[in-house]
Each structure stands twice: as structure tokens, then as C-alpha cells.
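The file structure37.cif contains mmCIF, C-alpha atoms and all ligand atoms:
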```cif
data_query
loop_
_atom_site.label_atom_id
_atom_site.label_comp_id
_atom_site.auth_asym_id
_atom_site.auth_seq_id
_atom_site.Cartn_x
_atom_site.Cartn_y
_atom_site.Cartn_z
CA MET U 1 26.31 -29.04 86.32
CA LYS U 2 24.46 -29.63 89.60
CA ILE U 3 22.84 -26.29 90.48
CA ALA U 4 21.28 -25.20 93.79
CA LEU U 5 18.71 -22.41 93.67
CA PHE U 6 18.56 -20.09 96.67
CA GLY U 7 15.18 -18.49 96.14
CA TYR U 8 12.51 -20.22 94.09
CA GLY U 9 10.32 -17.29 93.13
CA LYS U 10 9.91 -15.54 89.79
CA MET U 11 13.62 -15.66 89.00
CA GLY U 12 14.29 -19.07 90.57
CA LYS U 13 11.64 -20.65 88.39
CA MET U 14 12.93 -18.90 85.24
CA ILE U 15 16.49 -20.00 86.03
CA GLU U 16 15.30 -23.57 86.50
CA LYS U 17 13.70 -23.46 83.02
CA ILE U 18 16.86 -22.10 81.37
CA ALA U 19 19.18 -24.43 83.32
CA LEU U 20 17.19 -27.57 82.38
CA SER U 21 17.18 -26.45 78.74
CA ARG U 22 20.97 -26.39 78.93
CA ASN U 23 21.05 -29.93 80.37
CA HIS U 24 21.91 -28.93 83.94
CA THR U 25 20.38 -30.53 87.03
CA ILE U 26 18.65 -28.64 89.86
CA VAL U 27 19.76 -30.40 93.04
CA ALA U 28 18.23 -28.02 95.60
CA LYS U 29 15.59 -25.30 95.86
CA VAL U 30 16.41 -23.43 99.05
CA ASP U 31 13.85 -21.08 100.55
CA VAL U 32 13.36 -19.26 103.84
CA ASP U 33 12.14 -22.43 105.56
CA THR U 34 14.87 -24.75 104.33
CA VAL U 35 16.87 -26.10 107.28
CA ASP U 36 19.18 -28.89 106.05
CA ILE U 37 21.08 -27.97 102.90
CA ASP U 38 23.36 -30.63 101.41
CA PHE U 39 26.16 -28.50 100.00
CA SER U 40 28.12 -31.59 98.94
CA GLU U 41 25.54 -32.20 96.23
CA MET U 42 25.98 -28.88 94.35
CA ASP U 43 28.57 -27.66 91.83
CA VAL U 44 27.31 -24.08 91.98
CA ALA U 45 24.63 -22.03 93.76
CA ILE U 46 22.50 -19.28 92.26
CA ASP U 47 20.89 -16.83 94.67
CA PHE U 48 17.85 -14.83 93.64
CA SER U 49 16.20 -14.55 97.05
CA MET U 50 15.58 -11.27 98.88
CA PRO U 51 17.68 -8.35 100.17
CA SER U 52 17.55 -9.57 103.75
CA ALA U 53 18.65 -13.12 102.82
CA ALA U 54 21.30 -12.72 100.14
CA TYR U 55 24.33 -12.07 102.35
CA GLY U 56 23.57 -15.01 104.64
CA ASN U 57 23.12 -17.34 101.67
CA LEU U 58 26.44 -16.17 100.20
CA ILE U 59 28.30 -16.82 103.45
CA LYS U 60 26.91 -20.37 103.70
CA CYS U 61 28.16 -21.07 100.17
CA PHE U 62 31.63 -19.63 100.87
CA GLU U 63 31.90 -21.71 104.05
CA HIS U 64 30.99 -24.88 102.16
CA GLY U 65 33.26 -24.18 99.20
CA VAL U 66 30.41 -23.73 96.72
CA PRO U 67 30.86 -21.06 94.00
CA VAL U 68 27.89 -18.73 93.96
CA ILE U 69 26.11 -16.42 91.55
CA SER U 70 24.42 -13.58 93.42
CA GLY U 71 21.59 -11.86 91.58
CA THR U 72 19.64 -10.59 94.55
CA THR U 73 19.77 -6.79 94.85
CA GLY U 74 19.37 -4.42 97.80
CA TRP U 75 22.15 -5.83 99.99
CA LEU U 76 25.22 -3.93 98.70
CA ASP U 77 25.86 -2.37 102.11
CA LYS U 78 27.39 -5.80 102.88
CA TYR U 79 29.20 -6.28 99.56
CA ASP U 80 32.69 -5.46 100.86
CA GLU U 81 32.21 -7.90 103.76
CA ALA U 82 31.11 -10.57 101.29
CA VAL U 83 34.23 -9.98 99.18
CA ALA U 84 36.48 -10.29 102.24
CA LEU U 85 34.79 -13.51 103.41
CA CYS U 86 34.92 -14.97 99.91
CA LYS U 87 38.67 -14.37 99.76
CA GLU U 88 39.16 -15.65 103.33
CA ASN U 89 37.42 -18.91 102.38
CA LYS U 90 39.11 -19.11 98.94
CA GLY U 91 35.63 -19.05 97.46
CA ALA U 92 34.23 -17.74 94.21
CA PHE U 93 31.34 -15.41 93.52
CA ILE U 94 29.85 -13.03 91.02
CA TYR U 95 27.37 -10.34 91.97
CA ALA U 96 25.58 -8.51 89.19
CA SER U 97 22.66 -6.14 89.60
CA ASN U 98 21.61 -7.33 86.16
CA PHE U 99 22.80 -10.48 84.41
CA SER U 100 21.18 -9.85 81.03
CA LEU U 101 23.44 -9.39 78.01
CA GLY U 102 21.37 -6.40 76.89
CA VAL U 103 21.72 -4.52 80.15
CA ASN U 104 25.46 -5.24 80.29
CA VAL U 105 25.75 -3.68 76.82
CA PHE U 106 23.59 -0.84 78.17
CA PHE U 107 26.02 -0.40 81.09
CA GLU U 108 28.86 0.15 78.57
CA LEU U 109 26.72 2.50 76.44
CA ASN U 110 25.85 4.47 79.57
CA GLU U 111 29.52 5.03 80.45
CA TYR U 112 30.40 5.92 76.84
CA LEU U 113 27.68 8.57 76.75
CA ALA U 114 28.60 9.86 80.22
CA LYS U 115 32.21 10.43 79.10
CA MET U 116 30.98 12.52 76.14
CA MET U 117 28.64 14.56 78.35
CA LYS U 118 31.19 15.24 81.10
CA ASN U 119 31.93 18.86 80.21
CA LEU U 120 28.57 19.74 78.63
CA ASP U 121 27.24 21.51 81.70
CA GLN U 122 24.16 22.75 79.82
CA TYR U 123 22.75 19.19 80.10
CA LYS U 124 21.32 17.86 83.36
CA VAL U 125 21.02 14.09 83.80
CA SER U 126 18.06 12.23 85.32
CA MET U 127 17.08 8.56 85.53
CA GLU U 128 13.91 6.50 85.70
CA GLU U 129 13.40 2.82 86.48
CA ILE U 130 10.12 0.92 86.23
CA HIS U 131 9.49 -2.51 87.77
CA HIS U 132 6.65 -4.76 88.87
CA THR U 133 4.69 -3.98 91.99
CA GLN U 134 6.20 -6.92 93.93
CA LYS U 135 9.72 -5.44 93.91
CA LEU U 136 10.99 -4.88 97.46
CA ASP U 137 13.89 -2.51 96.87
CA GLU U 138 14.17 0.92 95.24
CA PRO U 139 15.88 2.20 93.29
CA SER U 140 16.69 -0.97 91.42
CA GLY U 141 20.16 -2.45 91.63
CA THR U 142 20.49 -1.84 87.89
CA ALA U 143 19.68 1.85 88.36
CA ILE U 144 22.34 2.09 91.07
CA THR U 145 24.91 0.49 88.76
CA LEU U 146 23.96 2.93 85.99
CA ALA U 147 24.19 5.91 88.36
CA GLU U 148 27.62 4.73 89.53
CA GLY U 149 28.71 4.56 85.88
CA ILE U 150 27.66 8.19 85.39
CA ILE U 151 29.35 9.32 88.63
CA LYS U 152 32.59 7.60 87.58
CA ASN U 153 32.69 9.51 84.28
CA THR U 154 31.17 12.91 85.02
CA LYS U 155 31.14 15.70 87.66
CA TYR U 156 28.13 14.15 89.44
CA ASN U 157 29.04 12.84 92.89
CA ALA U 158 25.94 10.99 94.15
CA TRP U 159 22.44 9.82 93.30
CA LYS U 160 19.17 10.45 95.15
CA LEU U 161 15.66 9.04 94.92
CA GLU U 162 13.19 11.47 93.32
CA LYS U 163 14.50 15.03 93.70
CA ALA U 164 18.26 15.72 93.87
CA PRO U 165 20.31 18.88 94.48
CA ALA U 166 22.74 20.16 91.82
CA GLY U 167 25.59 17.73 91.31
CA GLU U 168 23.49 14.70 92.24
CA ILE U 169 21.55 12.36 89.95
CA PRO U 170 17.76 12.11 90.55
CA ILE U 171 16.36 8.59 90.13
CA VAL U 172 12.59 8.14 89.80
CA SER U 173 11.35 4.64 90.70
CA LYS U 174 7.95 3.51 89.44
CA ARG U 175 6.16 0.26 90.28
CA ILE U 176 3.66 -0.67 87.56
CA GLY U 177 1.89 -4.00 87.07
CA THR U 178 4.22 -6.85 86.09
CA THR U 179 6.90 -4.74 84.40
CA PRO U 180 10.09 -6.88 84.17
CA GLY U 181 12.49 -3.93 84.20
CA THR U 182 12.82 -0.67 82.22
CA HIS U 183 15.70 1.77 82.73
CA SER U 184 16.17 5.15 81.04
CA ILE U 185 18.76 7.90 81.31
CA ASP U 186 18.02 11.41 80.07
CA TYR U 187 20.39 14.33 79.50
CA SER U 188 18.27 17.44 79.08
CA SER U 189 19.18 21.04 78.15
CA GLU U 190 17.13 24.12 77.28
CA VAL U 191 17.20 23.17 73.61
CA ASP U 192 17.09 19.38 73.46
CA SER U 193 17.24 16.03 75.27
CA ILE U 194 19.31 12.91 74.72
CA GLU U 195 17.84 9.65 76.12
CA ILE U 196 19.02 6.06 76.22
CA LYS U 197 16.69 3.27 77.37
CA HIS U 198 16.70 -0.47 78.03
CA THR U 199 13.45 -2.42 78.21
CA ALA U 200 13.32 -6.03 79.38
CA HIS U 201 10.41 -7.85 77.71
CA ASN U 202 10.59 -10.77 80.16
CA ARG U 203 12.93 -12.38 82.72
CA GLU U 204 14.61 -14.80 80.30
CA GLY U 205 17.57 -12.50 79.66
CA PHE U 206 18.31 -12.16 83.36
CA ALA U 207 18.08 -15.92 83.89
CA LEU U 208 20.17 -16.85 80.84
CA GLY U 209 22.93 -14.48 81.94
CA ALA U 210 22.92 -15.96 85.44
CA VAL U 211 23.18 -19.53 84.14
CA ILE U 212 26.00 -18.55 81.74
CA ALA U 213 27.79 -16.92 84.69
CA ALA U 214 27.30 -20.14 86.70
CA GLU U 215 28.80 -22.20 83.86
CA TRP U 216 31.74 -19.75 83.73
CA ILE U 217 32.58 -19.62 87.45
CA VAL U 218 32.85 -23.36 88.18
CA GLY U 219 36.51 -24.23 88.78
CA LYS U 220 37.55 -20.63 89.48
CA THR U 221 38.53 -18.87 92.72
CA GLY U 222 37.97 -15.18 93.41
CA VAL U 223 35.48 -12.34 93.08
CA PHE U 224 34.36 -11.58 89.54
CA THR U 225 31.85 -9.45 87.64
CA MET U 226 29.82 -9.92 84.48
CA LYS U 227 32.54 -7.94 82.64
CA ASP U 228 34.79 -10.98 83.23
CA VAL U 229 32.12 -13.35 81.94
CA LEU U 230 30.89 -11.44 78.88
CA ASN U 231 34.13 -9.91 77.60
CA LEU U 232 32.32 -7.11 75.74
CA GLY U 233 35.52 -5.60 74.38
N1 LIG M 1 20.59 -9.51 88.93
C1 LIG M 1 19.58 -9.71 88.09
O1 LIG M 1 19.77 -9.89 86.86
C2 LIG M 1 18.20 -9.74 88.62
C3 LIG M 1 17.99 -9.58 89.96
N2 LIG M 1 16.75 -9.72 90.50
C4 LIG M 1 16.67 -9.66 91.96
O2 LIG M 1 16.45 -11.00 92.43
C5 LIG M 1 15.72 -10.97 93.65
C6 LIG M 1 14.55 -11.93 93.55
O3 LIG M 1 13.69 -11.47 92.56
P1 LIG M 1 12.35 -12.31 92.27
O4 LIG M 1 12.68 -13.71 91.92
O5 LIG M 1 11.55 -11.50 91.31
O6 LIG M 1 11.65 -12.28 93.69
P2 LIG M 1 10.54 -13.28 94.29
O7 LIG M 1 9.97 -12.62 95.47
O8 LIG M 1 9.67 -13.75 93.18
O9 LIG M 1 11.41 -14.55 94.75
C7 LIG M 1 12.26 -14.48 95.87
C8 LIG M 1 12.18 -15.83 96.55
O10 LIG M 1 13.15 -15.90 97.59
C9 LIG M 1 12.56 -16.61 98.67
N3 LIG M 1 13.28 -16.39 99.91
C10 LIG M 1 12.98 -15.56 100.94
N4 LIG M 1 13.92 -15.66 101.90
C11 LIG M 1 14.82 -16.60 101.47
C12 LIG M 1 16.00 -17.16 102.01
N5 LIG M 1 16.45 -16.81 103.22
N6 LIG M 1 16.69 -18.07 101.27
C13 LIG M 1 16.24 -18.46 100.06
N7 LIG M 1 15.11 -17.97 99.50
C14 LIG M 1 14.42 -17.06 100.21
C15 LIG M 1 11.13 -16.12 98.71
O11 LIG M 1 10.33 -17.03 99.43
P3 LIG M 1 9.00 -16.44 100.13
O12 LIG M 1 8.12 -15.98 98.98
O13 LIG M 1 8.46 -17.61 100.88
O14 LIG M 1 9.44 -15.30 101.00
C16 LIG M 1 10.81 -16.09 97.20
O15 LIG M 1 10.31 -17.34 96.78
C17 LIG M 1 15.37 -9.51 93.89
O16 LIG M 1 16.33 -8.94 94.76
C18 LIG M 1 15.54 -8.87 92.51
O17 LIG M 1 15.91 -7.49 92.57
C19 LIG M 1 15.64 -10.00 89.73
C20 LIG M 1 15.79 -10.14 88.38
C21 LIG M 1 17.08 -10.01 87.71
O1 LIG M 2 13.31 -7.10 90.88
C1 LIG M 2 13.41 -7.31 89.64
O2 LIG M 2 12.53 -7.85 88.94
C2 LIG M 2 14.67 -6.90 89.00
N1 LIG M 2 15.65 -6.48 89.78
C3 LIG M 2 16.97 -6.19 89.34
C4 LIG M 2 17.36 -4.80 89.80
O3 LIG M 2 17.02 -4.48 90.98
O4 LIG M 2 18.00 -4.09 89.00
C5 LIG M 2 17.22 -6.48 87.88
C6 LIG M 2 16.05 -6.34 86.97
O5 LIG M 2 15.86 -4.97 86.66
C7 LIG M 2 14.80 -6.96 87.51
#
```

Write-out of the structure in C-alpha cells:
Amino acid sequence: MKIALFGYGKMGKMIEKIALSRNHTIVAKVDVDTVDIDFSEMDVAIDFSMPSAAYGNLIKCFEHGVPVISGTTGWLDKYDEAVALCKENKGAFIYASNFSLGVNVFFELNEYLAKMMKNLDQYKVSMEEIHHTQKLDEPSGTAITLAEGIIKNTKYNAWKLEKAPAGEIPIVSKRIGTTPGTHSIDYSSEVDSIEIKHTAHNREGFALGAVIAAEWIVGKTGVFTMKDVLNLG
């Protein structure tokens, strides 16, 4: 496939490495300064740019009929608009806060545990996410997805950064060194705690998942998620 990268930073470079190893071609590396983009040259676009750029990059791809994989986080306030514009243009896109296989398994584990904990009011849930010091958004998109999975399956109705009132999930965000991404969920009572945790050792898992999603979406029309791609049962 001919792949265009929107964003050529830490993730863009890792995606390039994975894509070339799978015999794809990188036909464009679009960054903030890029003016002329030849959309006719690309089979699929992969956006790992920045919160302020993601929506605009998506729209350009929809308008030019290029399927797009959106990995950038911190722009979900515009997600519904993106879905509407994708459908209006008969486009195709997948957004995932986290493309790694391990985190998508972790998303399922999180919901399974949340369902079991629903009526165990003696346990209070809290979350922590740790990333590198260059991360622009907090909490992470992955943490938001995890919190939404808990809200869907328990009596909790919202999440909040740091401290949260009863009925809301507190998320602590830490920025430490070059940490790729660590997410933990803790259910604590007076007598014990139950914790689940995912630790990314590097960015390869994120990039591999994004390239696999790009391979999957070509030829399709619509709005999809990694659940469609991974089919985890
Ligand atoms: N869904 C997932 O699995 C994952 C998602 N992410 C998300 O991906 C995003 C990028 O992460 P990361 O690669 O670490 O960040 P980086 O800052 O390393 O890279 C972002 C790149 O985007 C460039 N950029 C800025 N504006 C634009 C624009 N308008 N169009 C295209 N490119 C632009 C930046 O250029 P410049 O430096 O010149 O500003 C930079 O090179 C973040 O939102 C992060 O949360 C990260 C890992 C996994
Ligand atoms: O910025 C990052 O690095 C990451 N961001 C994503 C997020 O916001 O969840 C995914 C991953 O945790 C790495």
C-alpha cells in the first residue's frame, strides 16, 4: 500500500519503520508546514499529529476520498462532527485512542472487571496513567477510553482529573521521562485492593496496530473501531 503519514514525530517514525517492514511505501510525510499534498498518490493516510491538527487532517482526507487511520488523541470534542463528515463524503476512518493489541485486550479486561464490580459498593475505583514528558494532552486518550468502559458497566457517571466526588472516577496523570504509556485501574476497599495494569515497553505495539488497521480499512466505507479490526471475540 501507498501510505501517507500526517505527523512525522515519534509515532510517525515508528509507523514508517513498521510499514516498510511490511513492504508498504511511504508516499508522503505531512507536517505543520506542508502546503501541497498530493492525495492522488496515497491509498491510506495515518494521522499521528497533534490535538489541534487531527480534525483538520481528517477532513482533508475525507474530502479527497482517502481512508484514514486517526491515532492522535485530545480532539474527541470534534469526533461526532468527524463521523458526520466522513459519512457525508462516503469516506472511511478508524479512530482509536490506542492501537496496540495489548491495550485492546486490556480494554476488554477492564469492562469484564467493571461488570463484576458493579454492585460491590465497598470498592472505590481510581485510575493512573503515566506518559513521557512531551505529551500534550491529559488524561491520555487511553485513560478516557478505560474510564468510559467503567462508566458503561458500573454506577459511576463521569471521570475527573486528580480528585473526584463520589460517583466519579479520579484519574491521576503523571509525566515521567520517556515513559511510552502505563495505565492502571484500582478497585480499593477497607480490606483489600484489586488492580489491573498495562505497561507499554515501547511504541512498536501502537504502530503495528495502526498499520494493521490501515491494511484492514482500504476498500471499505464507513466509521470503524479497533473492535472491528481485531475481532477479539
Ligand atoms: N492511538 C495510539 O495508539 C497512540 C496515539 N498517540 C497520539 O499520537 C499523537 C502524536 O504522538 P507523538 O508521535 O508521540 O507526538 P510527536 O510530537 O512526537 O509528533 C507529532 C508530530 O506531528 C507534527 N504536526 C504538528 N502539526 C501538524 C499538522 N497540522 N499536520 C501534520 N503533522 C503535524 C509535529 O510537528 P512539529 O514537531 O513541527 O510540531 C510532530 O512532528 C499524540 O496525540 C498521541 O497522544 C501516540 C501513541 C499511540
Ligand atoms: O502520547 C502518547 O505517547 C500516547 N498517547 C496515547 C493516549 O493518549 O492514550 C496512546 C499511548 O498511551 C501513548

For chain U versus ligand LIG 1 (chain M), which residues have an atom no more than 8 Å away, and what is each residue's nearest atom pair and distance in Å rounded to one decimal, using all atoms listed in the file, chain-then-number order, as a tab-separated table?
```
residue	atom	partner	partner_atom	distance
U:Leu5	CA	M:LIG1	C13	7.9
U:Phe6	CA	M:LIG1	C13	4.4
U:Gly7	CA	M:LIG1	N7	3.4
U:Tyr8	CA	M:LIG1	O15	4.5
U:Gly9	CA	M:LIG1	O9	3.4
U:Lys10	CA	M:LIG1	O8	3.8
U:Met11	CA	M:LIG1	O4	3.6
U:Gly12	CA	M:LIG1	O4	5.8
U:Lys13	CA	M:LIG1	O4	7.9
U:Val30	CA	M:LIG1	C13	5.1
U:Asp31	CA	M:LIG1	N7	3.5
U:Val32	CA	M:LIG1	C12	3.8
U:Asp33	CA	M:LIG1	C12	7.4
U:Thr34	CA	M:LIG1	N6	7.6
U:Asp47	CA	M:LIG1	C13	7.3
U:Phe48	CA	M:LIG1	O2	4.3
U:Ser49	CA	M:LIG1	O10	3.4
U:Met50	CA	M:LIG1	O16	4.8
U:Pro51	CA	M:LIG1	O16	5.6
U:Ser52	CA	M:LIG1	N4	7.3
U:Ala53	CA	M:LIG1	N5	4.3
U:Ala54	CA	M:LIG1	N5	7.1
U:Gly56	CA	M:LIG1	N5	7.5
U:Asn57	CA	M:LIG1	N6	6.5
U:Ser70	CA	M:LIG1	N1	7.2
U:Gly71	CA	M:LIG1	N1	3.7
U:Thr72	CA	M:LIG1	O16	3.7
U:Thr73	CA	M:LIG1	O16	4.1
U:Gly74	CA	M:LIG1	O16	6.2
U:Tyr95	CA	M:LIG1	N1	7.5
U:Ala96	CA	M:LIG1	N1	5.1
U:Ser97	CA	M:LIG1	N1	4.0
U:Asn98	CA	M:LIG1	O1	3.2
U:Phe99	CA	M:LIG1	O1	3.9
U:Ser100	CA	M:LIG1	O1	6.0
U:Gln134	CA	M:LIG1	O7	7.0
U:Lys135	CA	M:LIG1	O17	6.7
U:Leu136	CA	M:LIG1	O16	7.2
U:Asp137	CA	M:LIG1	O17	6.9
U:Ser140	CA	M:LIG1	O17	6.7
U:Gly141	CA	M:LIG1	O17	6.7
U:Thr142	CA	M:LIG1	N1	7.7
U:Pro180	CA	M:LIG1	C20	7.8
U:Arg203	CA	M:LIG1	C20	6.7
U:Gly205	CA	M:LIG1	O1	8.0
U:Phe206	CA	M:LIG1	O1	4.4
U:Ala207	CA	M:LIG1	O1	6.9
U:Gly209	CA	M:LIG1	O1	7.4
U:Ala210	CA	M:LIG1	O1	7.0
```

Interatomic distance between atom CA of Asn153 of chain U and atom CA of Lys227 of chain U?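 Spanning atom CA of Asn153 of chain U to atom CA of Lys227 of chain U is a straight-line distance of 17.5 Å.
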
Tell me, in Å to one decimal, how far atom C7 of ligand LIG 2 (chain M) is from atom CA of Ala82 of chain U. 21.7 Å

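Across U:Leu101, U:Lys60, U:Phe107, U:His131, the tightest approach to Glu148 of chain U is made by U:Phe107 when counting all atoms listed in the file.
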
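Pairwise distance (atom CA of Cys86 of chain U, atom CA of Ala28 of chain U) equals 21.6 Å.
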
Could you add N, CA and C atoms to segment 88-110 of chain U and give me the result as a PDB file, in the coordinates of the input?
```pdb
ATOM      1  N   GLU U  88      38.707 -14.930 102.132  1.00  0.00           N
ATOM      2  CA  GLU U  88      39.160 -15.650 103.330  1.00  0.00           C
ATOM      3  C   GLU U  88      38.904 -17.161 103.184  1.00  0.00           C
ATOM      4  N   ASN U  89      37.794 -17.499 102.554  1.00  0.00           N
ATOM      5  CA  ASN U  89      37.420 -18.910 102.380  1.00  0.00           C
ATOM      6  C   ASN U  89      37.880 -19.492 101.030  1.00  0.00           C
ATOM      7  N   LYS U  90      38.683 -18.666 100.279  1.00  0.00           N
ATOM      8  CA  LYS U  90      39.110 -19.110  98.940  1.00  0.00           C
ATOM      9  C   LYS U  90      37.904 -19.564  98.107  1.00  0.00           C
ATOM     10  N   GLY U  91      36.857 -18.732  98.202  1.00  0.00           N
ATOM     11  CA  GLY U  91      35.630 -19.050  97.460  1.00  0.00           C
ATOM     12  C   GLY U  91      35.596 -18.368  96.113  1.00  0.00           C
ATOM     13  N   ALA U  92      34.405 -18.376  95.517  1.00  0.00           N
ATOM     14  CA  ALA U  92      34.230 -17.740  94.210  1.00  0.00           C
ATOM     15  C   ALA U  92      32.812 -17.199  94.124  1.00  0.00           C
ATOM     16  N   PHE U  93      32.705 -15.908  93.730  1.00  0.00           N
ATOM     17  CA  PHE U  93      31.340 -15.410  93.520  1.00  0.00           C
ATOM     18  C   PHE U  93      31.319 -14.263  92.535  1.00  0.00           C
ATOM     19  N   ILE U  94      30.154 -14.146  91.906  1.00  0.00           N
ATOM     20  CA  ILE U  94      29.850 -13.030  91.020  1.00  0.00           C
ATOM     21  C   ILE U  94      28.573 -12.393  91.511  1.00  0.00           C
ATOM     22  N   TYR U  95      28.603 -11.093  91.749  1.00  0.00           N
ATOM     23  CA  TYR U  95      27.370 -10.340  91.970  1.00  0.00           C
ATOM     24  C   TYR U  95      27.141  -9.498  90.719  1.00  0.00           C
ATOM     25  N   ALA U  96      25.931  -9.473  90.235  1.00  0.00           N
ATOM     26  CA  ALA U  96      25.580  -8.510  89.190  1.00  0.00           C
ATOM     27  C   ALA U  96      24.167  -8.010  89.468  1.00  0.00           C
ATOM     28  N   SER U  97      24.009  -6.703  89.400  1.00  0.00           N
ATOM     29  CA  SER U  97      22.660  -6.140  89.600  1.00  0.00           C
ATOM     30  C   SER U  97      21.735  -6.580  88.473  1.00  0.00           C
ATOM     31  N   ASN U  98      22.392  -6.877  87.314  1.00  0.00           N
ATOM     32  CA  ASN U  98      21.610  -7.330  86.160  1.00  0.00           C
ATOM     33  C   ASN U  98      22.490  -8.256  85.318  1.00  0.00           C
ATOM     34  N   PHE U  99      22.001  -9.478  85.125  1.00  0.00           N
ATOM     35  CA  PHE U  99      22.800 -10.480  84.410  1.00  0.00           C
ATOM     36  C   PHE U  99      22.498 -10.517  82.916  1.00  0.00           C
ATOM     37  N   SER U 100      21.537  -9.716  82.446  1.00  0.00           N
ATOM     38  CA  SER U 100      21.180  -9.850  81.030  1.00  0.00           C
ATOM     39  C   SER U 100      22.266  -9.261  80.130  1.00  0.00           C
ATOM     40  N   LEU U 101      22.473  -9.895  78.982  1.00  0.00           N
ATOM     41  CA  LEU U 101      23.440  -9.390  78.010  1.00  0.00           C
ATOM     42  C   LEU U 101      23.082  -7.969  77.605  1.00  0.00           C
ATOM     43  N   GLY U 102      21.802  -7.717  77.338  1.00  0.00           N
ATOM     44  CA  GLY U 102      21.370  -6.400  76.890  1.00  0.00           C
ATOM     45  C   GLY U 102      21.670  -5.304  77.882  1.00  0.00           C
ATOM     46  N   VAL U 103      21.445  -5.569  79.163  1.00  0.00           N
ATOM     47  CA  VAL U 103      21.720  -4.520  80.150  1.00  0.00           C
ATOM     48  C   VAL U 103      23.225  -4.338  80.314  1.00  0.00           C
ATOM     49  N   ASN U 104      23.994  -5.410  80.174  1.00  0.00           N
ATOM     50  CA  ASN U 104      25.460  -5.240  80.290  1.00  0.00           C
ATOM     51  C   ASN U 104      26.014  -4.453  79.098  1.00  0.00           C
ATOM     52  N   VAL U 105      25.404  -4.580  77.946  1.00  0.00           N
ATOM     53  CA  VAL U 105      25.750  -3.680  76.820  1.00  0.00           C
ATOM     54  C   VAL U 105      25.320  -2.255  77.164  1.00  0.00           C
ATOM     55  N   PHE U 106      24.127  -2.156  77.773  1.00  0.00           N
ATOM     56  CA  PHE U 106      23.590  -0.840  78.170  1.00  0.00           C
ATOM     57  C   PHE U 106      24.504  -0.176  79.206  1.00  0.00           C
ATOM     58  N   PHE U 107      25.089  -0.954  80.103  1.00  0.00           N
ATOM     59  CA  PHE U 107      26.020  -0.400  81.090  1.00  0.00           C
ATOM     60  C   PHE U 107      27.207   0.268  80.383  1.00  0.00           C
ATOM     61  N   GLU U 108      27.725  -0.417  79.330  1.00  0.00           N
ATOM     62  CA  GLU U 108      28.860   0.150  78.570  1.00  0.00           C
ATOM     63  C   GLU U 108      28.424   1.403  77.798  1.00  0.00           C
ATOM     64  N   LEU U 109      27.244   1.333  77.179  1.00  0.00           N
ATOM     65  CA  LEU U 109      26.720   2.500  76.440  1.00  0.00           C
ATOM     66  C   LEU U 109      26.548   3.696  77.367  1.00  0.00           C
ATOM     67  N   ASN U 110      26.060   3.429  78.570  1.00  0.00           N
ATOM     68  CA  ASN U 110      25.850   4.470  79.570  1.00  0.00           C
ATOM     69  C   ASN U 110      27.154   5.183  79.902  1.00  0.00           C
TER      70      ASN U 110
END
```
